[in-house]
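Asker: Following this message is one structure expressed as structure tokens.
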Amino acid sequence: MTMPGAFVIFGATGDLARRMLFPSLYFLDADGLLPSELRIIGAARSAHSDAEFRADVKTWVKDRAGPFFSEDAWKDFERRLGYVSGDATDSQSYVRLREALKGDPGALFYLSTSPALYIPIVQGLAEQGLTGAPNGVIVEKPIGKSYASCEQINSAIAEHFAENRTFRIDHYLGKETVQNLIALRFANALFEPLWNRHYIDHVQITVAETLGVEGRFGYYNEYGATRDMVQNHLLQLLSLIAMEPPHDMRPESVRSEKVKVLRSLRPIRDSELRDKTVRGQYARGVADGQTVPGYSEEEGGKPSDTETFVALCAHIDNWRWAGVPFYLRTGKRLPTRHSQIVIQFRDIPHSIFNGAPLMANQLTITLQPEESISLTIMNKTPTLTQGGYELQPLSLNLSLLDAFKGEKRRRIAYERLLLEAISNNSTLFVRRDEAEAAWLWIDRIIEGWARTGMRPAPYQAGSWGPAGAFALTERNGHSWDE
Ligand code: BG6
């Protein structure tokens, strides 16, 4: 396997590059994980000398690294950095880039730009002969706004880069707890026998954010919560929870199992939209003790029908999951930043405890704010009572923070993903058919909302979304775990 000689970031002065990509590369280097000869080249429109660019990157890395910044590590990292300026739609930019890459054994191109530039960039690279193996491309979500646009981008990329050299990033797959989900399911004998419709009552996936749109109204208003979060992050979580055991960890083994889940998602018909989907949009309210504006009053905002909250009840039509609801929920301006997966087991079939209340077992995997896994089990209360047992639910808790105290800092999800791409391993990247299958399911919902005129219901910033979100679970006798 050839390691790339250069890692090129298009959109090198943008927000993602500043906050995530350069700090991640810096940390990988500081830990000795980057190939020693790897050069890192920023490409963006503004004119900068290499020295000016390095000074900018240093500020971004220092900001992000805080107490973990080291001047010595920086000195090593800095020598890797270079800059090429140019407009992504101007063919001369690629001539300059080709010059800058002369002598490198191969290059990985990270497109951290507006998706509208993905096709022009790939074509510009191709014109300069920069797309053949071993070169590869990394693309950020959103890949398209629908199945059709995703397919179009994928096809344009596929003309120049092979699928195994195309890395579609979903940063949730870089999160430690998300990868731990694979370990939890397949490195333990305990769960697999129970991991099906016979023992699991329902599954909840919540990704709650306290932030609003944070100056991104223009982008967000075009996409909304369903395209921004569900099509990618939440459906990726769902497919990891629901997939069959893969044969091994090779990219084709894992991703082939995930895509089967996505293809088994039951389409939600227009007549079911009001029962199985909820759209919301935040109105003025209170977050973290401060009054915050409603969505349409945000900077650059305007009255809009875009949802900032969505809750869905999904079903997977296969033998393992028939009849098990998967509730998905995500939103902005919710009361806490809190992302978790709850596996709710079924009630015991018969109680011998004289009607004492019992709670079914629950496995909770918390992604954010802290990573933890907890299993709720029923216990006898250690008291003497007349006439039998008093029971109470208690949790077996595994805090990953405590368990791995030696790991001094929480890694950025991008560190793992960049390292995997540089090492040419695509297990943690989304394959073309996965992205397209997810869009097909999502398109039907979004188009259904338009066909049936289902507009987002307002909810107060700082609340758990519109009342319909509670009705969604209660209709089946369930309730959200909060
Ligand atoms: C991004 C979305 O993909 O994920 C953002 O575009 C969202 O709108 C973010 O805020 C959430 O990521 P995380 O890692 O903070 O949960």
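Lettering and numbering for the structure tokens are positional, with chains as A, B, ... in the shown order, residues counted from 1 in each chain, and ligands counted from 1 in the shown order.
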Please find the residues contacting ligand 1 at a distance of at most 10 Å between atoms, with only C-alpha atoms and all ligand atoms counted, and report them as a ChimeraX atom specification.
Answerer: /A:140-142,169-172,174-175,207-214,216,219-220,223-225,227-230,232-233,308,330-332,337-339,367-369,412-414
Asker: Using only C-alpha atoms, which residues sit within 12 Å of Asp248 of chain A once same-chain residues fewer than 3 positions away are excluded, as number ranges by chain?
Answerer: A: 182, 186-187, 244-245, 251-257, 427
Asker: Please compute the atom CA of Tyr26 of chain A-atom CA of Pro105 of chain A distance, one decimal, in Å.
Answerer: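 Answer for the atom CA of Tyr26 of chain A to atom CA of Pro105 of chain A separation: 21.6 Å.
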Asker: So, with only C-alpha atoms as the atoms that count, which of A:Glu447, A:Glu307, A:Glu298, A:Asp201 lies closest to Val278 of chain A?
Answerer: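 Checking each of A:Glu447, A:Glu307, A:Glu298, A:Asp201 against Val278 of chain A, counting only C-alpha atoms, the winner is A:Glu307.
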Asker: At a cut-off of 10 Å, using only C-alpha atoms, what residues contact Lys302 of chain A? Leave out same-chain residues fewer than 4 positions from it and give the result as a ChimeraX atom specification.
Answerer: /A:217-218,221,295-298
Asker: With only C-alpha atoms as the atoms that count, which of A:Glu176, A:Asp288, A:Glu163, A:Glu127 lies nearest to Gln92 of chain A?
Answerer: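 Closest to Gln92 of chain A of all the choices is A:Glu127.
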Asker: Let's see if you can do this: from backbone DSSP, list all strand (DSSP E or B) residues in segment 183-212 of chain A, as a list in words.
Answerer: Ile200, Asp201, His202, Val203, Gln204, Ile205, Thr206, Val207 and Ala208 of chain A
Asker: Could you write those residues out with all heavy atoms, as an mmCIF file, in the first residue's frame?
Answerer:
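The resulting result20.cif:
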```
data_model
loop_
_atom_site.group_PDB
_atom_site.id
_atom_site.type_symbol
_atom_site.label_atom_id
_atom_site.label_comp_id
_atom_site.auth_asym_id
_atom_site.auth_seq_id
_atom_site.Cartn_x
_atom_site.Cartn_y
_atom_site.Cartn_z
ATOM 1 N N ILE A 200 -35.617 -7.176 22.244
ATOM 2 C CA ILE A 200 -35.543 -5.707 22.235
ATOM 3 C C ILE A 200 -36.902 -5.141 21.851
ATOM 4 O O ILE A 200 -37.512 -5.536 20.848
ATOM 5 C CB ILE A 200 -34.427 -5.219 21.285
ATOM 6 C CG1 ILE A 200 -33.070 -5.637 21.872
ATOM 7 C CG2 ILE A 200 -34.491 -3.707 21.093
ATOM 8 C CD1 ILE A 200 -31.853 -5.215 21.075
ATOM 9 N N ASP A 201 -37.378 -4.239 22.710
ATOM 10 C CA ASP A 201 -38.707 -3.658 22.521
ATOM 11 C C ASP A 201 -38.661 -2.504 21.518
ATOM 12 O O ASP A 201 -39.466 -2.415 20.609
ATOM 13 C CB ASP A 201 -39.176 -3.148 23.896
ATOM 14 C CG ASP A 201 -40.585 -2.632 23.847
ATOM 15 O OD1 ASP A 201 -41.491 -3.440 23.580
ATOM 16 O OD2 ASP A 201 -40.775 -1.410 24.057
ATOM 17 N N HIS A 202 -37.693 -1.619 21.719
ATOM 18 C CA HIS A 202 -37.515 -0.521 20.774
ATOM 19 C C HIS A 202 -36.132 0.099 20.992
ATOM 20 O O HIS A 202 -35.452 -0.211 21.982
ATOM 21 C CB HIS A 202 -38.620 0.534 20.913
ATOM 22 C CG HIS A 202 -38.564 1.333 22.171
ATOM 23 N ND1 HIS A 202 -39.170 0.936 23.339
ATOM 24 C CD2 HIS A 202 -37.968 2.511 22.455
ATOM 25 C CE1 HIS A 202 -38.950 1.845 24.275
ATOM 26 N NE2 HIS A 202 -38.221 2.809 23.775
ATOM 27 N N VAL A 203 -35.752 0.953 20.065
ATOM 28 C CA VAL A 203 -34.438 1.607 20.123
ATOM 29 C C VAL A 203 -34.661 3.106 19.965
ATOM 30 O O VAL A 203 -35.520 3.526 19.177
ATOM 31 C CB VAL A 203 -33.529 1.081 18.977
ATOM 32 C CG1 VAL A 203 -32.201 1.831 18.932
ATOM 33 C CG2 VAL A 203 -33.282 -0.425 19.124
ATOM 34 N N GLN A 204 -33.924 3.899 20.726
ATOM 35 C CA GLN A 204 -34.018 5.366 20.581
ATOM 36 C C GLN A 204 -32.633 5.918 20.235
ATOM 37 O O GLN A 204 -31.644 5.546 20.872
ATOM 38 C CB GLN A 204 -34.442 6.016 21.895
ATOM 39 C CG GLN A 204 -35.773 5.540 22.408
ATOM 40 C CD GLN A 204 -36.186 6.272 23.697
ATOM 41 O OE1 GLN A 204 -35.555 7.241 24.124
ATOM 42 N NE2 GLN A 204 -37.250 5.799 24.310
ATOM 43 N N ILE A 205 -32.595 6.794 19.280
ATOM 44 C CA ILE A 205 -31.324 7.485 18.977
ATOM 45 C C ILE A 205 -31.613 8.984 19.047
ATOM 46 O O ILE A 205 -32.438 9.493 18.290
ATOM 47 C CB ILE A 205 -30.802 7.123 17.571
ATOM 48 C CG1 ILE A 205 -30.649 5.607 17.434
ATOM 49 C CG2 ILE A 205 -29.486 7.837 17.288
ATOM 50 C CD1 ILE A 205 -30.250 5.139 16.037
ATOM 51 N N THR A 206 -30.975 9.644 19.990
ATOM 52 C CA THR A 206 -31.176 11.089 20.149
ATOM 53 C C THR A 206 -29.856 11.817 19.953
ATOM 54 O O THR A 206 -28.841 11.426 20.537
ATOM 55 C CB THR A 206 -31.678 11.410 21.581
ATOM 56 O OG1 THR A 206 -32.963 10.817 21.749
ATOM 57 C CG2 THR A 206 -31.791 12.907 21.828
ATOM 58 N N VAL A 207 -29.850 12.838 19.121
ATOM 59 C CA VAL A 207 -28.691 13.738 19.044
ATOM 60 C C VAL A 207 -29.226 15.143 19.286
ATOM 61 O O VAL A 207 -29.837 15.745 18.399
ATOM 62 C CB VAL A 207 -27.966 13.649 17.686
ATOM 63 C CG1 VAL A 207 -26.806 14.638 17.637
ATOM 64 C CG2 VAL A 207 -27.443 12.233 17.437
ATOM 65 N N ALA A 208 -29.062 15.610 20.517
ATOM 66 C CA ALA A 208 -29.626 16.907 20.897
ATOM 67 C C ALA A 208 -28.518 17.940 20.992
ATOM 68 O O ALA A 208 -27.463 17.666 21.558
ATOM 69 C CB ALA A 208 -30.324 16.776 22.246
#
```
Asker: Contacts of Lys145 of chain A at 9 Å or less, counting only C-alpha atoms, minus same-chain residues fewer than 4 places along, as an mmCIF file with N, CA, C and O atoms, in the first residue's frame?
Answerer:
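New file out.cif:
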```cif
data_model
loop_
_atom_site.group_PDB
_atom_site.id
_atom_site.type_symbol
_atom_site.label_atom_id
_atom_site.label_comp_id
_atom_site.auth_asym_id
_atom_site.auth_seq_id
_atom_site.Cartn_x
_atom_site.Cartn_y
_atom_site.Cartn_z
ATOM 1 N N SER A 149 -29.075 14.352 -6.606
ATOM 2 C CA SER A 149 -27.869 15.185 -6.604
ATOM 3 C C SER A 149 -26.677 14.427 -6.019
ATOM 4 O O SER A 149 -25.535 14.628 -6.444
ATOM 5 N N CYS A 150 -26.941 13.537 -5.070
ATOM 6 C CA CYS A 150 -25.859 12.722 -4.498
ATOM 7 C C CYS A 150 -25.308 11.802 -5.589
ATOM 8 O O CYS A 150 -24.089 11.665 -5.768
ATOM 9 N N GLU A 222 -31.227 25.737 3.612
ATOM 10 C CA GLU A 222 -31.377 24.908 2.400
ATOM 11 C C GLU A 222 -31.523 23.434 2.756
ATOM 12 O O GLU A 222 -32.019 22.647 1.957
ATOM 13 N N TYR A 223 -31.017 23.053 3.945
ATOM 14 C CA TYR A 223 -30.931 21.634 4.273
ATOM 15 C C TYR A 223 -31.921 21.217 5.360
ATOM 16 O O TYR A 223 -32.746 20.336 5.130
ATOM 17 N N ARG A 227 -31.836 16.595 6.490
ATOM 18 C CA ARG A 227 -30.699 16.386 5.580
ATOM 19 C C ARG A 227 -29.365 16.582 6.291
ATOM 20 O O ARG A 227 -28.380 15.923 5.983
ATOM 21 N N TRP A 439 -30.253 8.415 1.179
ATOM 22 C CA TRP A 439 -31.001 9.512 0.535
ATOM 23 C C TRP A 439 -32.353 9.031 0.016
ATOM 24 O O TRP A 439 -33.356 9.750 0.116
ATOM 25 N N ASP A 443 -35.448 11.087 1.033
ATOM 26 C CA ASP A 443 -36.153 11.846 -0.015
ATOM 27 C C ASP A 443 -37.658 11.644 0.089
ATOM 28 O O ASP A 443 -38.446 12.563 -0.044
#
```
Asker: Could you jot down the atom CA of Ile442 of chain A to atom CA of Phe345 of chain A separation for me, Å, one decimal place?
Answerer: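 Spanning atom CA of Ile442 of chain A to atom CA of Phe345 of chain A is a straight-line distance of 27.4 Å.
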Asker: From the list A:Gln460, A:Ser423, A:Ser114, A:Ser271, which residue is nearest Pro134 of chain A when using only C-alpha atoms?
Answerer: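 Closest to Pro134 of chain A of all the choices is A:Ser423.
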Asker: Among segment 74-117 of chain A, which residues carry a DSSP assignment of alpha helix (DSSP H), reported as a list of chain:residue names?
Answerer: A:Trp74, A:Lys75, A:Asp76, A:Phe77, A:Glu78, A:Ser91, A:Gln92, A:Ser93, A:Tyr94, A:Val95, A:Arg96, A:Leu97, A:Arg98, A:Glu99, A:Ala100
